[in-house]
>>> print(open('coords_10.csv').read())   # CSV, C-alpha atoms and all ligand atoms
chain,number,residue,atom,x,y,z
A,934,MET,CA,23.3,112.5,213.0
A,935,SER,CA,24.7,115.9,213.8
A,936,VAL,CA,26.6,117.9,211.2
A,937,GLU,CA,29.6,119.8,212.3
A,938,ILE,CA,29.3,123.4,211.0
A,939,HIS,CA,32.5,125.3,210.7
A,940,HIS,CA,31.2,128.4,212.1
A,941,TYR,CA,32.7,130.3,215.0
A,942,PRO,CA,30.2,132.5,216.8
A,943,CYS,CA,31.5,134.9,219.3
A,944,ALA,CA,30.7,133.6,222.8
A,945,ALA,CA,30.2,137.3,224.0
A,946,CYS,CA,28.1,138.8,221.2
A,947,GLY,CA,27.3,136.1,218.6
A,948,ALA,CA,29.1,137.8,215.7
A,949,ASP,CA,31.4,135.6,213.5
A,950,LEU,CA,35.0,135.3,214.8
A,951,LEU,CA,37.7,135.9,212.3
A,952,PHE,CA,41.3,134.7,212.2
A,953,GLU,CA,43.6,137.4,213.4
A,954,PRO,CA,47.1,137.3,211.9
A,955,ARG,CA,48.7,139.4,214.7
A,956,ASP,CA,48.3,136.7,217.4
A,957,GLY,CA,46.8,133.7,215.5
A,958,PHE,CA,43.6,133.8,217.6
A,959,LEU,CA,40.0,133.7,216.4
A,960,THR,CA,38.9,137.3,217.2
A,961,CYS,CA,35.6,139.0,217.2
A,962,PRO,CA,35.8,142.1,215.0
A,963,TYR,CA,33.0,143.8,217.1
A,964,CYS,CA,33.8,143.2,220.8
A,965,GLY,CA,37.4,141.9,220.6
A,966,HIS,CA,36.6,138.5,222.3
A,967,LYS,CA,39.3,136.0,221.5
A,968,GLU,CA,39.4,132.2,221.2
A,969,PRO,CA,42.4,130.0,220.3
A,970,VAL,CA,42.3,128.1,217.0
A,971,PRO,CA,41.3,124.5,218.0
A,972,GLU,CA,44.6,122.7,218.8
A,973,SER,CA,45.4,119.9,216.5
A,974,THR,CA,47.5,116.9,217.6
A,975,GLU,CA,47.9,115.8,214.1
A,976,GLN,CA,51.1,116.0,212.1
A,977,VAL,CA,51.1,117.5,208.6
A,978,ALA,CA,51.1,114.1,207.0
A,979,GLU,CA,52.5,113.0,203.6
A,980,GLN,CA,49.9,111.2,201.5
A,981,SER,CA,50.3,108.4,199.1
A,982,PHE,CA,50.4,109.6,195.5
A,983,GLU,CA,49.4,106.3,194.0
A,984,GLN,CA,46.3,106.0,196.2
A,985,HIS,CA,45.1,109.5,195.2
A,986,LEU,CA,45.5,109.1,191.4
A,987,ARG,CA,42.2,107.4,191.3
A,988,ILE,CA,40.5,109.5,193.8
A,989,ARG,CA,37.9,107.9,196.1
A,990,PRO,CA,35.2,110.1,197.5
A,991,GLU,CA,36.4,109.7,201.1
A,992,GLN,CA,39.7,111.3,200.1
A,993,MET,CA,37.9,114.5,199.1
A,994,ALA,CA,36.4,117.0,201.5
A,995,LYS,CA,35.1,120.5,201.7
A,996,LEU,CA,37.5,123.1,203.1
A,997,ALA,CA,34.7,123.8,205.6
A,998,VAL,CA,31.2,122.4,205.9
A,999,ASN,CA,29.7,125.7,205.2
A,1000,ALA,CA,32.2,126.7,202.6
A,1001,LEU,CA,31.0,128.6,199.5
A,1002,GLU,CA,32.6,128.6,196.1
A,1003,VAL,CA,32.4,131.2,193.4
A,1004,GLN,CA,34.0,131.3,189.9
A,1005,CYS,CA,35.3,134.5,188.4
A,1006,GLN,CA,33.4,135.1,185.2
A,1007,SER,CA,36.4,136.8,183.7
A,1008,CYS,CA,39.5,134.7,184.5
A,1009,GLY,CA,37.8,131.5,185.6
A,1010,ALA,CA,39.6,131.3,189.0
A,1011,LYS,CA,37.5,129.6,191.7
A,1012,SER,CA,37.6,131.0,195.2
A,1013,ILE,CA,36.4,129.2,198.3
A,1014,PHE,CA,35.3,131.2,201.4
A,1015,THR,CA,33.1,130.9,204.4
A,1016,PRO,CA,30.5,133.4,205.5
A,1017,PRO,CA,30.5,136.2,206.6
A,1018,GLN,CA,33.2,136.6,203.8
A,1019,VAL,CA,31.8,137.7,200.5
A,1020,ALA,CA,32.9,137.0,196.9
A,1021,GLY,CA,33.9,140.7,196.3
A,1022,ARG,CA,36.5,141.5,193.7
A,1023,CYS,CA,38.6,138.8,192.0
A,1024,GLU,CA,42.1,138.9,193.5
A,1025,PHE,CA,43.6,137.8,190.2
A,1026,CYS,CA,42.0,139.9,187.5
A,1027,GLY,CA,40.3,142.7,189.5
A,1028,VAL,CA,36.8,142.1,188.1
A,1029,GLN,CA,33.8,142.4,190.5
A,1030,ILE,CA,32.4,138.9,190.9
A,1031,VAL,CA,28.7,138.9,190.3
A,1032,ALA,CA,28.1,135.2,190.1
A,1033,GLN,CA,26.1,133.7,192.9
A,1034,PRO,CA,28.3,131.6,195.3
A,1035,LYS,CA,27.3,127.9,195.6
A,1036,SER,CA,28.1,125.3,198.2
A,1037,ALA,CA,31.8,124.4,197.6
A,1038,ASP,CA,32.7,121.2,195.8
A,1039,PRO,CA,35.0,118.8,197.7
A,1040,ILE,CA,38.7,119.0,197.0
A,1041,ILE,CA,41.7,116.9,198.0
A,1042,THR,CA,41.9,117.9,201.7
A,1043,PRO,CA,44.8,120.2,202.4
A,1044,GLY,CA,47.5,118.5,204.5
A,1045,GLY,CA,48.5,121.8,206.0
A,1046,LEU,CA,48.9,125.5,205.7
A,1047,LEU,CA,50.9,128.5,206.9
A,1048,PRO,CA,48.5,130.9,208.6
A,1049,PHE,CA,48.6,134.6,207.8
A,1050,CYS,CA,50.8,136.5,210.2
A,1051,VAL,CA,50.8,139.9,208.3
A,1052,THR,CA,47.5,141.8,208.7
A,1053,GLN,CA,45.7,143.3,205.8
A,1054,GLN,CA,46.3,146.8,207.3
A,1055,GLN,CA,50.0,146.2,207.5
A,1056,ALA,CA,50.2,144.7,204.0
A,1057,SER,CA,48.2,147.7,202.6
A,1058,SER,CA,50.4,150.3,204.3
A,1059,ASP,CA,53.6,148.5,203.1
A,1060,LEU,CA,52.1,148.5,199.6
A,1061,ARG,CA,51.3,152.2,199.7
A,1062,GLN,CA,55.0,152.9,200.6
A,1063,TRP,CA,56.2,150.5,197.9
A,1064,LEU,CA,54.0,152.4,195.4
A,1065,SER,CA,55.1,155.9,196.5
A,1066,SER,CA,58.7,155.0,196.0
A,1067,ARG,CA,58.0,154.3,192.3
A,1068,TRP,CA,57.9,157.7,190.7
A,1069,PHE,CA,57.5,156.3,187.2
A,1070,ALA,CA,54.4,154.4,188.0
A,1071,PRO,CA,51.3,155.8,186.4
A,1072,ASN,CA,49.1,157.8,188.8
A,1073,ASP,CA,46.4,155.2,188.1
A,1074,LEU,CA,48.5,152.6,190.0
A,1075,LYS,CA,47.8,154.6,193.1
A,1076,ARG,CA,44.5,152.8,193.1
A,1077,PHE,CA,46.4,150.0,194.7
A,1078,ALA,CA,46.9,152.3,197.6
A,1079,GLU,CA,43.2,152.0,198.6
A,1080,PRO,CA,42.8,149.8,201.6
A,1081,GLU,CA,40.4,147.4,199.7
A,1082,ALA,CA,42.8,146.9,196.8
A,1083,ILE,CA,44.3,143.7,198.1
A,1084,HIS,CA,42.7,140.8,199.9
A,1085,GLY,CA,44.0,137.8,201.9
A,1086,ILE,CA,43.7,134.5,199.9
A,1087,TYR,CA,45.3,131.1,200.5
A,1088,LEU,CA,47.0,129.9,197.3
A,1089,PRO,CA,47.0,126.2,196.5
A,1090,PHE,CA,50.3,124.3,196.2
A,1091,TRP,CA,51.5,120.7,196.0
A,1092,THR,CA,54.6,119.4,197.5
A,1093,TYR,CA,56.0,116.0,196.4
A,1094,ASP,CA,58.6,113.6,197.9
A,1095,THR,CA,60.0,111.0,195.6
A,1096,HIS,CA,62.9,108.6,195.1
A,1097,THR,CA,64.4,108.5,191.7
A,1098,THR,CA,66.4,105.8,189.9
A,1099,THR,CA,67.9,107.0,186.6
A,1100,ASP,CA,69.6,104.8,184.0
A,1101,TYR,CA,71.7,106.7,181.5
A,1102,THR,CA,74.0,106.2,178.6
A,1103,GLY,CA,76.5,108.8,177.5
A,1104,GLN,CA,80.1,109.6,176.9
A,1105,ARG,CA,82.9,110.9,179.1
A,1106,GLY,CA,85.3,113.4,177.6
A,1107,GLU,CA,88.9,113.5,178.8
A,1108,TYR,CA,91.2,116.3,177.8
A,1109,TYR,CA,94.7,115.7,176.5
A,1110,TYR,CA,97.2,118.1,175.2
A,1111,VAL,CA,99.3,117.9,172.0
A,1112,THR,CA,102.3,120.1,171.3
A,1113,GLU,CA,101.9,121.8,167.9
A,1114,THR,CA,104.5,123.6,166.0
A,1115,TYR,CA,103.7,126.8,164.2
A,1116,TYR,CA,105.5,129.8,162.6
A,1117,GLU,CA,105.1,133.5,163.0
A,1118,ARG,CA,107.1,136.6,162.3
A,1119,ASP,CA,108.9,138.3,165.1
A,1120,SER,CA,109.3,142.1,165.4
A,1121,GLN,CA,112.2,142.2,162.9
A,1122,GLY,CA,110.0,140.4,160.4
A,1123,ASN,CA,111.9,137.1,160.5
A,1124,GLN,CA,110.0,133.9,160.4
A,1125,VAL,CA,110.5,131.9,163.7
A,1126,GLN,CA,109.3,128.5,164.8
A,1127,ARG,CA,107.2,128.3,168.0
A,1128,THR,CA,105.3,125.6,169.8
A,1129,ARG,CA,102.0,125.6,171.7
A,1130,GLN,CA,99.9,123.2,173.8
A,1131,VAL,CA,96.6,122.4,172.1
A,1132,ARG,CA,93.7,120.8,174.0
A,1133,HIS,CA,91.8,117.8,172.5
A,1134,THR,CA,89.1,115.7,174.0
A,1135,ARG,CA,89.0,111.9,173.9
A,1136,TRP,CA,85.6,110.4,174.3
A,1137,TYR,CA,84.7,107.1,176.1
A,1138,SER,CA,81.3,105.6,176.3
A,1139,ALA,CA,79.7,105.6,179.7
A,1140,SER,CA,76.6,104.2,181.3
A,1141,GLY,CA,75.2,103.7,184.8
A,1142,THR,CA,72.5,104.3,187.3
A,1143,VAL,CA,72.1,107.2,189.7
A,1144,THR,CA,69.6,107.4,192.5
A,1145,GLY,CA,68.2,110.5,194.1
A,1146,SER,CA,65.9,111.5,196.9
A,1147,PHE,CA,63.7,114.6,196.8
A,1148,ASP,CA,61.9,116.1,199.7
A,1149,ASP,CA,59.0,118.7,199.6
A,1150,VAL,CA,59.4,119.9,196.1
A,1151,LEU,CA,57.0,122.9,196.0
A,1152,ILE,CA,54.8,123.2,192.9
A,1153,PRO,CA,52.2,126.0,192.5
A,1154,ALA,CA,48.7,124.6,191.9
A,1155,THR,CA,47.4,128.0,190.7
A,1156,LEU,CA,47.5,129.2,187.1
A,1157,SER,CA,46.2,132.7,187.9
A,1158,LEU,CA,49.6,134.1,188.7
A,1159,PRO,CA,52.9,134.0,186.7
A,1160,SER,CA,55.1,131.2,188.1
A,1161,ASP,CA,58.2,133.5,188.2
A,1162,ARG,CA,56.3,135.9,190.5
A,1163,LEU,CA,55.2,133.0,192.7
A,1164,ALA,CA,58.8,131.8,192.8
A,1165,ALA,CA,59.9,135.2,193.9
A,1166,LEU,CA,57.8,134.9,197.0
A,1167,GLU,CA,59.9,132.0,198.2
A,1168,PRO,CA,61.2,130.9,200.6
A,1169,TRP,CA,58.2,129.8,202.6
A,1170,ASP,CA,58.8,128.6,206.2
A,1171,LEU,CA,57.4,125.1,205.4
A,1172,PRO,CA,58.8,123.7,208.7
A,1173,ASP,CA,56.2,125.9,210.5
A,1174,LEU,CA,53.2,124.3,208.6
A,1175,LYS,CA,50.1,123.8,210.7
A,1176,PRO,CA,47.7,120.9,210.2
A,1177,TYR,CA,44.7,122.2,208.2
A,1178,ASP,CA,41.8,123.6,210.2
A,1179,PRO,CA,38.8,125.5,208.8
A,1180,ALA,CA,39.3,128.1,211.5
A,1181,PHE,CA,42.3,129.5,209.6
A,1182,LEU,CA,40.0,130.2,206.6
A,1183,SER,CA,37.7,132.4,208.7
A,1184,GLY,CA,38.0,135.9,207.2
A,1185,PHE,CA,40.1,134.8,204.2
A,1186,LYS,CA,39.5,133.1,200.9
A,1187,ALA,CA,41.2,130.1,199.4
A,1188,GLN,CA,41.8,129.4,195.8
A,1189,ARG,CA,40.7,126.0,194.4
A,1190,TYR,CA,43.6,124.2,192.8
A,1191,GLN,CA,43.8,124.5,189.0
A,1192,VAL,CA,46.7,122.1,188.5
A,1193,ASP,CA,45.6,118.6,189.6
A,1194,LEU,CA,47.7,116.1,191.5
A,1195,GLN,CA,49.0,114.3,188.3
A,1196,GLN,CA,49.7,117.6,186.4
A,1197,GLY,CA,51.6,118.9,189.5
A,1198,PHE,CA,53.7,115.7,189.5
A,1199,GLU,CA,54.6,116.1,185.8
A,1200,ARG,CA,55.6,119.7,186.6
A,1201,MET,CA,57.7,118.4,189.5
A,1202,LYS,CA,59.6,116.1,187.1
A,1203,GLU,CA,60.6,119.2,185.1
A,1204,VAL,CA,61.7,121.0,188.2
A,1205,ILE,CA,64.0,118.2,189.5
A,1206,ALA,CA,65.3,117.2,186.0
A,1207,PRO,CA,68.3,119.6,186.2
A,1208,SER,CA,69.4,118.2,189.5
A,1209,ILE,CA,69.2,114.6,188.1
A,1210,GLU,CA,71.1,115.6,185.1
A,1211,SER,CA,73.8,117.1,187.2
A,1212,ASP,CA,74.0,113.9,189.2
A,1213,VAL,CA,74.4,111.9,186.0
A,1214,ARG,CA,77.2,114.3,184.8
A,1215,SER,CA,79.1,113.8,188.0
A,1216,ASP,CA,78.6,110.1,187.8
A,1217,ILE,CA,80.0,110.1,184.2
A,1218,GLY,CA,83.0,112.1,185.4
A,1219,GLY,CA,85.8,113.3,183.2
A,1220,ASP,CA,86.3,116.8,181.9
A,1221,GLU,CA,83.2,116.9,179.7
A,1222,GLN,CA,80.0,114.8,179.5
A,1223,ARG,CA,77.5,113.9,176.8
A,1224,ILE,CA,74.2,112.4,177.8
A,1225,ASP,CA,72.7,110.2,175.0
A,1226,SER,CA,69.8,108.7,176.9
A,1227,LEU,CA,68.3,109.1,180.3
A,1228,SER,CA,65.3,107.3,181.9
A,1229,THR,CA,64.1,108.0,185.4
A,1230,ALA,CA,61.8,105.8,187.5
A,1231,TYR,CA,60.0,107.5,190.4
A,1232,SER,CA,59.1,105.5,193.5
A,1233,ASN,CA,57.9,106.1,197.1
A,1234,ILE,CA,56.0,109.1,195.9
A,1235,THR,CA,54.1,111.1,198.5
A,1236,PHE,CA,52.5,114.5,198.4
A,1237,LYS,CA,50.9,117.2,200.4
A,1238,HIS,CA,48.3,119.7,199.4
A,1239,LEU,CA,49.2,123.0,201.0
A,1240,LEU,CA,47.6,126.4,201.3
A,1241,LEU,CA,50.0,129.4,201.5
A,1242,PRO,CA,48.9,132.9,202.5
A,1243,VAL,CA,49.1,136.0,200.2
A,1244,TYR,CA,47.4,139.3,199.9
A,1245,ALA,CA,46.6,139.7,196.2
A,1246,GLY,CA,45.0,142.3,194.1
A,1247,ALA,CA,44.8,143.1,190.4
A,1248,TYR,CA,43.7,145.9,188.1
A,1249,ARG,CA,43.8,146.8,184.4
A,1250,TYR,CA,45.8,149.7,183.1
A,1251,ASN,CA,45.8,150.6,179.4
A,1252,GLY,CA,44.2,147.2,178.7
A,1253,LYS,CA,47.0,145.4,180.5
A,1254,LEU,CA,46.6,143.3,183.7
A,1255,PHE,CA,48.8,144.3,186.7
A,1256,GLN,CA,48.9,141.9,189.7
A,1257,ILE,CA,50.3,142.6,193.1
A,1258,LEU,CA,51.2,139.9,195.6
A,1259,VAL,CA,52.2,140.3,199.3
A,1260,ASN,CA,53.6,137.3,201.1
A,1261,GLY,CA,51.3,136.8,204.1
A,1262,ARG,CA,54.1,135.5,206.2
A,1263,THR,CA,57.0,137.9,205.5
A,1264,GLY,CA,55.2,141.0,204.0
A,1265,GLU,CA,57.5,140.8,200.9
A,1266,ILE,CA,55.8,142.5,197.9
A,1267,GLN,CA,56.0,141.3,194.3
A,1268,GLY,CA,54.3,143.1,191.5
A,1269,ALA,CA,54.5,144.4,188.0
A,1270,ARG,CA,55.8,147.9,187.7
A,1271,PRO,CA,54.0,149.7,184.9
A,1272,TYR,CA,55.7,152.7,183.6
A,1273,SER,CA,53.9,155.9,182.7
A,1274,VAL,CA,55.0,157.0,179.2
A,1275,TRP,CA,54.1,160.6,180.1
A,1276,LYS,CA,56.3,160.7,183.2
A,1277,ILE,CA,59.3,159.2,181.3
A,1278,ALA,CA,58.8,161.5,178.4
A,1279,LEU,CA,58.7,164.5,180.7
A,1280,LEU,CA,61.9,163.4,182.4
A,1281,VAL,CA,63.7,162.9,179.0
A,1282,VAL,CA,62.5,166.4,177.8
A,1283,SER,CA,63.7,168.0,181.0
A,1284,ILE,CA,67.2,166.4,180.6
A,1285,LEU,CA,67.4,167.5,177.0
A,1286,ILE,CA,66.6,171.1,178.0
A,1287,VAL,CA,69.2,171.1,180.7
A,1288,VAL,CA,71.8,169.7,178.2
A,1289,LEU,CA,70.8,172.4,175.7
A,1290,ILE,CA,71.2,175.1,178.2
A,1291,LEU,CA,74.6,173.8,179.2
A,1292,VAL,CA,75.8,173.6,175.6
A,1293,MET,CA,74.7,177.3,175.0
A,1294,VAL,CA,76.5,178.4,178.2
A,1295,PHE,CA,79.7,176.7,177.1
A,1296,ARG,CA,79.5,178.1,173.6
A,1297,GLN,CA,79.3,181.7,174.9
A,1298,GLN,CA,82.4,181.3,177.1
Q,1301,ZN,ZN,31.9,139.5,220.0
Q,1302,ZN,ZN,39.2,136.8,187.9
>>> encode(input="coords_10.csv", output="structure tokens")
Amino acid sequence: MSVEIHHYPCAACGADLLFEPRDGFLTCPYCGHKEPVPESTEQVAEQSFEQHLRIRPEQMAKLAVNALEVQCQSCGAKSIFTPPQVAGRCEFCGVQIVAQPKSADPIITPGGLLPFCVTQQQASSDLRQWLSSRWFAPNDLKRFAEPEAIHGIYLPFWTYDTHTTTDYTGQRGEYYYVTETYYERDSQGNQVQRTRQVRHTRWYSASGTVTGSFDDVLIPATLSLPSDRLAALEPWDLPDLKPYDPAFLSGFKAQRYQVDLQQGFERMKEVIAPSIESDVRSDIGGDEQRIDSLSTAYSNITFKHLLLPVYAGAYRYNGKLFQILVNGRTGEIQGARPYSVWKIALLVVSILIVVLILVMVFRQQ
């Protein structure tokens, strides 16, 4: 039995080919030889949620046969990579990883990914520009300007499709107006009678069923980055998903999912809840709605495990963790903006001095 090793030696010089975001080819970093990523005829398929809840071994696989996995001793994130890539610095907390990589454990196979199309060089230079436009940032932040400060890593996501059937009970409020009489004093001080329209609400009980259909609800499967920052990287061009191939991993890392399939689905319920509630409200109708009970059944659930490309880096400043993310498709940068107390104090003092000088000048005139 032959074992397929996901290893891409250069046909010209034998070095390892790496995925090149500029043209999407496997490229030799030494002699420039290029080979296309093996063409896949497969579609990025939806997988049955029910069938994966009790996972059978055949549904799990390694990202690549020769994939290694290492866990950050500081934040616990697990990264998967293939040689010649090394563990290096943790993209999420900035700590140098000293643990010995082991052969990667199987995971639910990714259905698809978006390959990197921004190069590390481009991401780093955009990041330098982004940093230099932030005068208040502490000088230490300039450490992000080093070319090795960020690294390409595929982040894990789930997407879910589901039909929903929601039974509800509630109340429909309809407005009606009543003419009220009241008295007030006019400008001469005489009491006069006036009328006004006053709005009231009459409530009727309501109940019913609404159905919904949700497609590709994207849920991060990483806990290493704040969800608002991940959300800020959207939108992802999901229609351009490629079927997973280990060749895309060559030269990059991938993070192992920290949110499992079931937990991701629970999170998805929270994400779609406002949309279901709004459907219920429009089904109730009227001018105002009250929802007393709401129960949703989910059916035809399918999912995909996706890997999406980012350049990520982290470092600690004054004991606080700062993380920078660059969208590997669009180059968009998301990051915390620490402020230097000294720089702000200096600015405030300078403004005060100017104001003081102006006051003295005006006094003398
Ligand atoms: Zn070569
Ligand atoms: Zn870490």
>>> closest_atom_pairs(input="coords_10.csv", of="chain A", to="ligand ZN 1301 (chain Q)", cutoff="7 Å", atoms="all atoms listed in the file", output="Markdown table")
| residue | atom | partner | partner_atom | distance |
| --- | --- | --- | --- | --- |
| A:Cys943 | CA | Q:ZN1301 | ZN | 4.7 |
| A:Ala944 | CA | Q:ZN1301 | ZN | 6.6 |
| A:Ala945 | CA | Q:ZN1301 | ZN | 4.9 |
| A:Cys946 | CA | Q:ZN1301 | ZN | 4.0 |
| A:Gly947 | CA | Q:ZN1301 | ZN | 5.9 |
| A:Ala948 | CA | Q:ZN1301 | ZN | 5.4 |
| A:Cys961 | CA | Q:ZN1301 | ZN | 4.7 |
| A:Pro962 | CA | Q:ZN1301 | ZN | 6.9 |
| A:Tyr963 | CA | Q:ZN1301 | ZN | 5.3 |
| A:Cys964 | CA | Q:ZN1301 | ZN | 4.2 |
| A:Gly965 | CA | Q:ZN1301 | ZN | 6.0 |
| A:His966 | CA | Q:ZN1301 | ZN | 5.3 |
>>> write_last_selection(input="coords_10.csv", atoms="C-alpha atoms", output="PDB file, keeping the file's coordinate frame")
ATOM      1  CA  CYS A 943      31.500 134.900 219.300  1.00  0.00           C
ATOM      2  CA  ALA A 944      30.700 133.600 222.800  1.00  0.00           C
ATOM      3  CA  ALA A 945      30.200 137.300 224.000  1.00  0.00           C
ATOM      4  CA  CYS A 946      28.100 138.800 221.200  1.00  0.00           C
ATOM      5  CA  GLY A 947      27.300 136.100 218.600  1.00  0.00           C
ATOM      6  CA  ALA A 948      29.100 137.800 215.700  1.00  0.00           C
ATOM      7  CA  CYS A 961      35.600 139.000 217.200  1.00  0.00           C
ATOM      8  CA  PRO A 962      35.800 142.100 215.000  1.00  0.00           C
ATOM      9  CA  TYR A 963      33.000 143.800 217.100  1.00  0.00           C
ATOM     10  CA  CYS A 964      33.800 143.200 220.800  1.00  0.00           C
ATOM     11  CA  GLY A 965      37.400 141.900 220.600  1.00  0.00           C
ATOM     12  CA  HIS A 966      36.600 138.500 222.300  1.00  0.00           C
TER      13      HIS A 966
END
>>> residues_near_point(input="coords_10.csv", point="(39.5, 131.0, 215.1)", cutoff="6 Å", atoms="only C-alpha atoms", output="PyMOL selection string")
chain A and resi 951-952+958-959+970+1180
>>> closest_atom_pairs(input="coords_10.csv", of="chain A", to="ligand ZN 1302 (chain Q)", cutoff="10 Å", atoms="all atoms listed in the file", output="JSON lines")
{"residue": "A:Gln1004", "atom": "CA", "partner": "Q:ZN1302", "partner_atom": "ZN", "distance": 7.8}
{"residue": "A:Cys1005", "atom": "CA", "partner": "Q:ZN1302", "partner_atom": "ZN", "distance": 4.6}
{"residue": "A:Gln1006", "atom": "CA", "partner": "Q:ZN1302", "partner_atom": "ZN", "distance": 6.6}
{"residue": "A:Ser1007", "atom": "CA", "partner": "Q:ZN1302", "partner_atom": "ZN", "distance": 5.0}
{"residue": "A:Cys1008", "atom": "CA", "partner": "Q:ZN1302", "partner_atom": "ZN", "distance": 4.0}
{"residue": "A:Gly1009", "atom": "CA", "partner": "Q:ZN1302", "partner_atom": "ZN", "distance": 5.9}
{"residue": "A:Ala1010", "atom": "CA", "partner": "Q:ZN1302", "partner_atom": "ZN", "distance": 5.6}
{"residue": "A:Lys1011", "atom": "CA", "partner": "Q:ZN1302", "partner_atom": "ZN", "distance": 8.3}
{"residue": "A:Ser1012", "atom": "CA", "partner": "Q:ZN1302", "partner_atom": "ZN", "distance": 9.5}
{"residue": "A:Arg1022", "atom": "CA", "partner": "Q:ZN1302", "partner_atom": "ZN", "distance": 7.9}
{"residue": "A:Cys1023", "atom": "CA", "partner": "Q:ZN1302", "partner_atom": "ZN", "distance": 4.6}
{"residue": "A:Glu1024", "atom": "CA", "partner": "Q:ZN1302", "partner_atom": "ZN", "distance": 6.6}
{"residue": "A:Phe1025", "atom": "CA", "partner": "Q:ZN1302", "partner_atom": "ZN", "distance": 5.1}
{"residue": "A:Cys1026", "atom": "CA", "partner": "Q:ZN1302", "partner_atom": "ZN", "distance": 4.2}
{"residue": "A:Gly1027", "atom": "CA", "partner": "Q:ZN1302", "partner_atom": "ZN", "distance": 6.2}
{"residue": "A:Val1028", "atom": "CA", "partner": "Q:ZN1302", "partner_atom": "ZN", "distance": 5.8}
{"residue": "A:Gln1029", "atom": "CA", "partner": "Q:ZN1302", "partner_atom": "ZN", "distance": 8.2}
{"residue": "A:Ile1030", "atom": "CA", "partner": "Q:ZN1302", "partner_atom": "ZN", "distance": 7.7}
{"residue": "A:Ser1157", "atom": "CA", "partner": "Q:ZN1302", "partner_atom": "ZN", "distance": 8.1}
{"residue": "A:Ala1247", "atom": "CA", "partner": "Q:ZN1302", "partner_atom": "ZN", "distance": 8.8}
>>> write_last_selection(input="coords_10.csv", atoms="C-alpha atoms", output="PDB file, in the frame of the given file")
ATOM      1  CA  GLN A1004      34.000 131.300 189.900  1.00  0.00           C
ATOM      2  CA  CYS A1005      35.300 134.500 188.400  1.00  0.00           C
ATOM      3  CA  GLN A1006      33.400 135.100 185.200  1.00  0.00           C
ATOM      4  CA  SER A1007      36.400 136.800 183.700  1.00  0.00           C
ATOM      5  CA  CYS A1008      39.500 134.700 184.500  1.00  0.00           C
ATOM      6  CA  GLY A1009      37.800 131.500 185.600  1.00  0.00           C
ATOM      7  CA  ALA A1010      39.600 131.300 189.000  1.00  0.00           C
ATOM      8  CA  LYS A1011      37.500 129.600 191.700  1.00  0.00           C
ATOM      9  CA  SER A1012      37.600 131.000 195.200  1.00  0.00           C
ATOM     10  CA  ARG A1022      36.500 141.500 193.700  1.00  0.00           C
ATOM     11  CA  CYS A1023      38.600 138.800 192.000  1.00  0.00           C
ATOM     12  CA  GLU A1024      42.100 138.900 193.500  1.00  0.00           C
ATOM     13  CA  PHE A1025      43.600 137.800 190.200  1.00  0.00           C
ATOM     14  CA  CYS A1026      42.000 139.900 187.500  1.00  0.00           C
ATOM     15  CA  GLY A1027      40.300 142.700 189.500  1.00  0.00           C
ATOM     16  CA  VAL A1028      36.800 142.100 188.100  1.00  0.00           C
ATOM     17  CA  GLN A1029      33.800 142.400 190.500  1.00  0.00           C
ATOM     18  CA  ILE A1030      32.400 138.900 190.900  1.00  0.00           C
ATOM     19  CA  SER A1157      46.200 132.700 187.900  1.00  0.00           C
ATOM     20  CA  ALA A1247      44.800 143.100 190.400  1.00  0.00           C
TER      21      ALA A1247
END
>>> closest_residue(input="coords_10.csv", among="A:Gln1298, A:Ser1183, A:Arg1262, A:Thr974", to="A:Thr960", atoms="all atoms listed in the file")
A:Ser1183
>>> atom_distance(input="coords_10.csv", atom1="atom CA of A:His1096", atom2="atom CA of A:Ala1139")
23.0 Å
>>> atom_distance(input="coords_10.csv", atom1="atom CA of A:Val1150", atom2="atom CA of A:Ile1205")
8.2 Å
>>> residues_around(input="coords_10.csv", residues="A:Thr1263", least_positions_apart="6", cutoff="9 Å", atoms="only C-alpha atoms", output="list in words")
Cys1050, Val1051 and Trp1169 of chain A
>>> write_last_selection(input="coords_10.csv", atoms="C-alpha atoms", output="compact mmCIF listing (two decimals), keeping the file's coordinate frame")
# COMPACT_ATOMS: atom_id res chain seq x y z
CA CYS A 1050 50.80 136.50 210.20
CA VAL A 1051 50.80 139.90 208.30
CA TRP A 1169 58.20 129.80 202.60
>>> atom_distance(input="coords_10.csv", atom1="atom CA of A:Phe1198", atom2="atom CA of A:Tyr1093")
7.3 Å
>>> closest_residue(input="coords_10.csv", among="A:Ile1234, A:Ile1086, A:Ile1217, A:Val1243", to="A:Phe1147", atoms="only C-alpha atoms")
A:Ile1234
